[in-house]
file coords26.csv (CSV, C-alpha atoms)
chain,number,residue,atom,x,y,z
A,1,MET,CA,-132.3,44.2,17.6
A,2,ILE,CA,-131.6,47.7,16.3
A,3,ALA,CA,-131.0,48.0,12.6
A,4,ARG,CA,-127.4,48.6,11.6
A,5,VAL,CA,-126.3,51.7,9.7
A,6,ALA,CA,-125.0,51.1,6.2
A,7,CYS,CA,-121.7,52.9,6.3
A,8,ARG,CA,-118.8,53.7,4.0
A,9,ALA,CA,-117.0,55.5,6.8
A,10,VAL,CA,-116.8,55.6,10.6
A,11,PHE,CA,-115.4,58.6,12.4
A,12,LEU,CA,-113.9,58.2,15.8
A,13,ASP,CA,-113.2,60.8,18.5
A,14,ALA,CA,-109.8,60.6,20.0
A,15,GLY,CA,-109.9,61.7,23.7
A,16,GLY,CA,-112.1,59.3,25.7
A,17,VAL,CA,-112.8,57.0,22.7
A,18,LEU,CA,-109.3,56.0,21.5
A,19,VAL,CA,-107.1,57.3,24.3
A,20,LEU,CA,-107.4,58.4,27.9
A,21,PRO,CA,-105.0,60.2,30.2
A,22,ASP,CA,-102.2,57.9,31.3
A,23,ARG,CA,-103.5,56.9,34.8
A,24,HIS,CA,-100.0,56.1,36.2
A,25,LEU,CA,-98.4,59.3,34.7
A,26,LEU,CA,-101.1,61.5,36.2
A,27,ALA,CA,-101.2,59.7,39.6
A,28,GLY,CA,-97.4,59.8,39.9
A,29,ALA,CA,-97.2,63.5,39.1
A,30,LEU,CA,-99.9,64.4,41.6
A,31,ALA,CA,-98.2,62.2,44.2
A,32,GLU,CA,-95.1,64.4,43.8
A,33,ILE,CA,-97.1,67.3,45.2
A,34,GLY,CA,-98.8,65.3,47.9
A,35,ILE,CA,-102.1,64.6,46.2
A,36,GLU,CA,-102.9,60.9,46.2
A,37,ILE,CA,-105.4,59.4,43.7
A,38,ASP,CA,-106.3,55.9,42.7
A,39,PRO,CA,-104.8,55.4,39.2
A,40,ASP,CA,-107.6,53.0,38.3
A,41,ALA,CA,-110.2,55.7,39.0
A,42,VAL,CA,-108.9,57.9,36.1
A,43,PRO,CA,-111.0,56.3,33.3
A,44,GLY,CA,-114.3,56.5,35.2
A,45,ALA,CA,-113.5,60.0,36.3
A,46,HIS,CA,-113.0,61.0,32.7
A,47,TYR,CA,-116.4,59.8,31.6
A,48,ARG,CA,-118.2,61.3,34.6
A,49,ALA,CA,-116.4,64.6,33.9
A,50,VAL,CA,-117.5,64.6,30.3
A,51,ARG,CA,-121.1,63.9,31.4
A,52,THR,CA,-120.9,66.9,33.7
A,53,LEU,CA,-119.8,69.1,30.8
A,54,ASP,CA,-122.7,67.9,28.7
A,55,ARG,CA,-125.2,69.5,31.1
A,56,PRO,CA,-126.7,72.7,29.8
A,57,SER,CA,-125.8,74.6,33.0
A,58,SER,CA,-122.1,73.6,32.9
A,59,ARG,CA,-119.6,76.4,33.0
A,60,ARG,CA,-116.4,74.3,33.7
A,61,ASP,CA,-113.6,73.4,31.5
A,62,TYR,CA,-112.5,69.7,31.2
A,63,GLU,CA,-109.8,69.8,33.8
A,64,ARG,CA,-112.0,71.5,36.5
A,65,ALA,CA,-114.7,69.0,35.8
A,66,LEU,CA,-112.2,66.1,36.1
A,67,LEU,CA,-110.5,66.9,39.4
A,68,PRO,CA,-113.5,66.5,41.7
A,69,GLN,CA,-114.2,63.1,40.1
A,70,LEU,CA,-110.7,62.0,41.2
A,71,GLY,CA,-111.5,63.0,44.7
A,72,ILE,CA,-109.2,66.0,44.7
A,73,ALA,CA,-110.2,68.5,47.4
A,74,ARG,CA,-111.2,71.9,46.3
A,75,GLY,CA,-108.4,73.5,48.3
A,76,ARG,CA,-105.8,71.6,46.1
A,77,THR,CA,-107.4,72.6,42.8
A,78,ALA,CA,-104.8,75.2,41.8
A,79,GLU,CA,-101.9,72.8,42.5
A,80,ALA,CA,-103.6,70.0,40.7
A,81,LEU,CA,-104.4,72.2,37.7
A,82,ALA,CA,-100.8,73.4,37.4
A,83,THR,CA,-99.6,69.7,37.4
A,84,TRP,CA,-102.2,68.9,34.7
A,85,ASP,CA,-101.1,71.8,32.6
A,86,ARG,CA,-97.4,70.7,32.9
A,87,LEU,CA,-98.3,67.2,31.8
A,88,ALA,CA,-100.5,68.4,29.0
A,89,ASP,CA,-97.6,70.4,27.6
A,90,ARG,CA,-95.6,67.8,25.7
A,91,ARG,CA,-92.6,70.1,25.5
A,92,ARG,CA,-92.5,70.5,29.3
A,93,ALA,CA,-93.5,66.9,30.2
A,94,GLY,CA,-91.3,65.2,27.6
A,95,GLN,CA,-94.1,62.7,27.0
A,96,VAL,CA,-97.8,62.5,26.0
A,97,LEU,CA,-100.5,62.7,28.7
A,98,TRP,CA,-103.3,61.4,26.5
A,99,ARG,CA,-101.5,58.2,25.6
A,100,GLU,CA,-103.4,55.3,27.3
A,101,PRO,CA,-105.4,53.4,24.6
A,102,THR,CA,-108.9,52.5,25.5
A,103,PRO,CA,-109.7,48.8,25.6
A,104,GLY,CA,-110.3,47.4,22.1
A,105,ALA,CA,-109.4,50.6,20.3
A,106,ALA,CA,-106.7,49.2,17.9
A,107,GLU,CA,-108.7,46.0,17.4
A,108,THR,CA,-111.9,47.9,16.5
A,109,ILE,CA,-110.1,50.1,14.0
A,110,ALA,CA,-108.6,47.0,12.4
A,111,ALA,CA,-112.0,45.2,12.3
A,112,LEU,CA,-113.7,48.2,10.6
A,113,LYS,CA,-111.0,48.4,8.0
A,114,ARG,CA,-111.2,44.7,7.3
A,115,ALA,CA,-114.9,45.2,6.7
A,116,GLY,CA,-114.1,47.7,4.0
A,117,ILE,CA,-115.2,50.7,6.1
A,118,ALA,CA,-113.0,53.8,6.0
A,119,VAL,CA,-111.9,55.1,9.4
A,120,VAL,CA,-111.1,58.7,10.2
A,121,ILE,CA,-110.2,60.2,13.6
A,122,VAL,CA,-112.0,63.5,14.2
A,123,THR,CA,-110.7,65.3,17.2
A,124,ASN,CA,-110.8,68.7,19.0
A,125,SER,CA,-107.1,69.0,19.6
A,126,ASP,CA,-104.3,71.5,19.9
A,127,GLY,CA,-102.6,70.9,16.5
A,128,HIS,CA,-100.6,67.9,17.8
A,129,GLY,CA,-103.4,65.3,17.7
A,130,GLU,CA,-101.9,63.3,14.9
A,131,GLU,CA,-98.5,63.3,16.5
A,132,ASN,CA,-99.8,62.3,19.9
A,133,LEU,CA,-102.0,59.5,18.5
A,134,ARG,CA,-99.0,58.1,16.6
A,135,ALA,CA,-97.1,58.1,19.8
A,136,SER,CA,-99.9,56.1,21.3
A,137,GLY,CA,-99.7,53.4,18.7
A,138,PHE,CA,-102.3,54.6,16.2
A,139,HIS,CA,-100.8,54.5,12.8
A,140,ASP,CA,-102.3,54.5,9.2
A,141,VAL,CA,-105.5,56.3,10.3
A,142,PRO,CA,-106.0,59.8,9.0
A,143,VAL,CA,-106.5,62.5,11.7
A,144,ILE,CA,-108.7,65.6,11.4
A,145,ASP,CA,-107.4,68.0,14.1
A,146,SER,CA,-109.6,70.9,14.9
A,147,THR,CA,-106.7,73.4,15.2
A,148,VAL,CA,-105.1,72.3,12.0
A,149,VAL,CA,-108.3,72.6,9.9
A,150,GLY,CA,-109.7,75.6,11.7
A,151,SER,CA,-113.0,74.1,12.8
A,152,ALA,CA,-114.0,72.3,16.0
A,153,LYS,CA,-116.8,70.0,17.0
A,154,PRO,CA,-119.8,70.6,17.2
A,155,ASP,CA,-119.3,72.8,14.1
A,156,PRO,CA,-120.4,70.6,11.2
A,157,ARG,CA,-117.6,71.9,9.0
A,158,ILE,CA,-115.0,69.7,10.7
A,159,PHE,CA,-117.2,66.7,9.8
A,160,GLU,CA,-117.5,67.9,6.2
A,161,ILE,CA,-113.8,68.0,5.9
A,162,ALA,CA,-113.6,64.4,7.2
A,163,LEU,CA,-116.4,63.4,4.8
A,164,ALA,CA,-114.4,64.8,1.9
A,165,LEU,CA,-111.3,62.9,3.0
A,166,ALA,CA,-113.2,59.6,3.5
A,167,GLY,CA,-115.0,60.0,0.2
A,168,ALA,CA,-118.3,59.3,1.9
A,169,ALA,CA,-121.7,60.9,2.1
A,170,ALA,CA,-123.0,62.0,5.5
A,171,SER,CA,-125.9,59.6,5.2
A,172,GLU,CA,-123.5,56.6,5.0
A,173,THR,CA,-121.3,57.7,7.9
A,174,ALA,CA,-121.4,57.2,11.7
A,175,HIS,CA,-119.4,59.1,14.3
A,176,VAL,CA,-118.4,57.6,17.6
A,177,GLY,CA,-117.8,60.1,20.5
A,178,ASP,CA,-118.2,60.3,24.2
A,179,ALA,CA,-119.6,63.9,24.4
A,180,LEU,CA,-123.2,64.8,23.8
A,181,VAL,CA,-122.4,68.5,23.1
A,182,ASN,CA,-119.5,68.0,20.7
A,183,ASP,CA,-119.9,64.6,19.2
A,184,VAL,CA,-123.6,63.7,19.2
A,185,ALA,CA,-124.9,67.2,18.5
A,186,GLY,CA,-122.1,67.9,16.0
A,187,ALA,CA,-122.7,64.7,14.0
A,188,LEU,CA,-126.4,65.3,13.9
A,189,ALA,CA,-125.8,68.8,12.6
A,190,ALA,CA,-123.7,67.4,9.8
A,191,GLY,CA,-126.3,64.7,8.9
A,192,ILE,CA,-124.1,61.9,10.3
A,193,THR,CA,-125.4,59.1,12.5
A,194,PRO,CA,-124.0,59.6,16.1
A,195,ILE,CA,-123.0,56.7,18.3
A,196,HIS,CA,-122.5,57.7,21.9
A,197,PHE,CA,-119.6,56.0,23.5
A,198,ASP,CA,-120.8,55.7,27.1
A,199,PRO,CA,-118.9,52.9,29.1
A,200,LEU,CA,-120.6,53.8,32.4
A,201,ARG,CA,-124.1,54.0,31.0
A,202,LEU,CA,-124.5,57.5,32.3
A,203,CYS,CA,-126.7,58.7,29.4
A,204,ARG,CA,-130.3,57.5,29.4
A,205,ALA,CA,-131.5,59.4,26.3
A,206,ASN,CA,-133.2,57.2,23.8
A,207,ASP,CA,-132.9,59.5,20.8
A,208,HIS,CA,-129.4,58.3,19.7
A,209,ARG,CA,-127.4,55.1,19.7
A,210,HIS,CA,-125.1,54.0,22.5
A,211,VAL,CA,-122.1,51.6,22.9
A,212,ARG,CA,-120.4,50.7,26.1
A,213,SER,CA,-117.3,49.2,24.4
A,214,LEU,CA,-115.6,49.9,21.2
A,215,PRO,CA,-116.1,46.4,19.8
A,216,GLY,CA,-119.8,47.1,20.2
A,217,ILE,CA,-119.6,49.4,17.2
A,218,SER,CA,-119.9,46.4,15.0
A,219,ARG,CA,-123.4,45.8,16.2
A,220,HIS,CA,-124.4,49.2,14.8
A,221,VAL,CA,-122.6,49.5,11.4
A,222,VAL,CA,-122.3,47.4,8.3
A,223,LEU,CA,-120.6,48.2,5.0
A,224,ALA,CA,-122.8,50.1,2.6
A,225,ARG,CA,-123.3,48.2,-0.7

call {"tool": "encode", "arguments": {"input": "coords26.csv", "output": "structure tokens"}}
result
Amino acid sequence: MIARVACRAVFLDAGGVLVLPDRHLLAGALAEIGIEIDPDAVPGAHYRAVRTLDRPSSRRDYERALLPQLGIARGRTAEALATWDRLADRRRAGQVLWREPTPGAAETIAALKRAGIAVVIVTNSDGHGEENLRASGFHDVPVIDSTVVGSAKPDPRIFEIALALAGAAASETAHVGDALVNDVAGALAAGITPIHFDPLRLCRANDHRHVRSLPGISRHVVLAR
């Protein structure tokens, strides 16, 4: 059994770790323009898209990596991207796209807090990360939004801001994220223990920790004494 990390703080990524694109909102909007997808394919498509973006040769942005994973034909890419952009703009859509909590998210945060471990959300977002997470039911958890603080993962400065907020040293902190480039590499650069959230077991690297479910974090961390 792998030894647990003695932690005073656990940082959590937002997109892909705490929330996913609302499968029914996305499927419904695409259906309106004649593009049919399976709503239940959205979570898996997200993690496969992120894994694609982790490849050194990747030149895509997230949306362009996601669409093929949903089975959307290349000839419909422009229409699908326009629909995604509309949904992602809260002012135009009138609701939050990234609002579907991942299984066990709220329960995991509560369990970490009960154990006496500080929890901070560290997210690359557009300045509305905290607002959007509140709309998704995540309250009483501080949010470090890259646009607000002027630093984005994998830059270690965003983690240093979170460490100061949590009152924890890097050596007693773990960060849970679903992207190798932003989360794992960024945490390592800041001296923080990375935990790769990989529900589909797409990563076979053995140089960092993995969890397939959020409750699994408890097997990796323990309160520092």

call {"tool": "closest_residue", "arguments": {"input": "coords26.csv", "among": "A:Asp145, A:Asp54, A:Glu36, A:Glu79", "to": "Thr123 in chain A", "atoms": "all atoms listed in the file"}}
result
A:Asp145

call {"tool": "closest_residue", "arguments": {"input": "coords26.csv", "among": "A:Ile161, A:Val149, A:Val184, A:Leu133", "to": "Trp98 in chain A", "atoms": "all atoms listed in the file"}}
result
A:Leu133

call {"tool": "closest_residue", "arguments": {"input": "coords26.csv", "among": "A:Ala135, A:Ile144, A:Leu112, A:Leu20", "to": "Leu223 in chain A", "atoms": "all atoms listed in the file"}}
result
A:Leu112

call {"tool": "closest_residue", "arguments": {"input": "coords26.csv", "among": "A:Pro142, A:Gly137, A:Pro39, A:Pro199", "to": "Ala27 in chain A", "atoms": "all atoms listed in the file"}}
result
A:Pro39

call {"tool": "residues_around", "arguments": {"input": "coords26.csv", "residues": "Phe197 in chain A", "least_positions_apart": "3", "cutoff": "10 Å", "atoms": "all atoms listed in the file", "output": "ChimeraX atom specification"}}
result
/A:12-13,16-17,47,175-180,183-184,194,200-201,203,209-214,216-217

call {"tool": "residues_around", "arguments": {"input": "coords26.csv", "residues": "Ala224 in chain A", "least_positions_apart": "4", "cutoff": "9 Å", "atoms": "all atoms listed in the file", "output": "compact mmCIF listing (two decimals) with C-alpha atoms, in the coordinates of the input"}}
result
# COMPACT_ATOMS: atom_id res chain seq x y z
CA VAL A 5 -126.30 51.70 9.70
CA ALA A 6 -125.00 51.10 6.20
CA CYS A 7 -121.70 52.90 6.30
CA ARG A 8 -118.80 53.70 4.00
CA ALA A 9 -117.00 55.50 6.80
CA ILE A 117 -115.20 50.70 6.10
CA GLU A 172 -123.50 56.60 5.00

call {"tool": "residues_around", "arguments": {"input": "coords26.csv", "residues": "Asp22 in chain A", "least_positions_apart": "3", "cutoff": "6 Å", "atoms": "all atoms listed in the file", "output": "list in words"}}
result
Leu25, Leu97, Arg99 and Glu100 of chain A
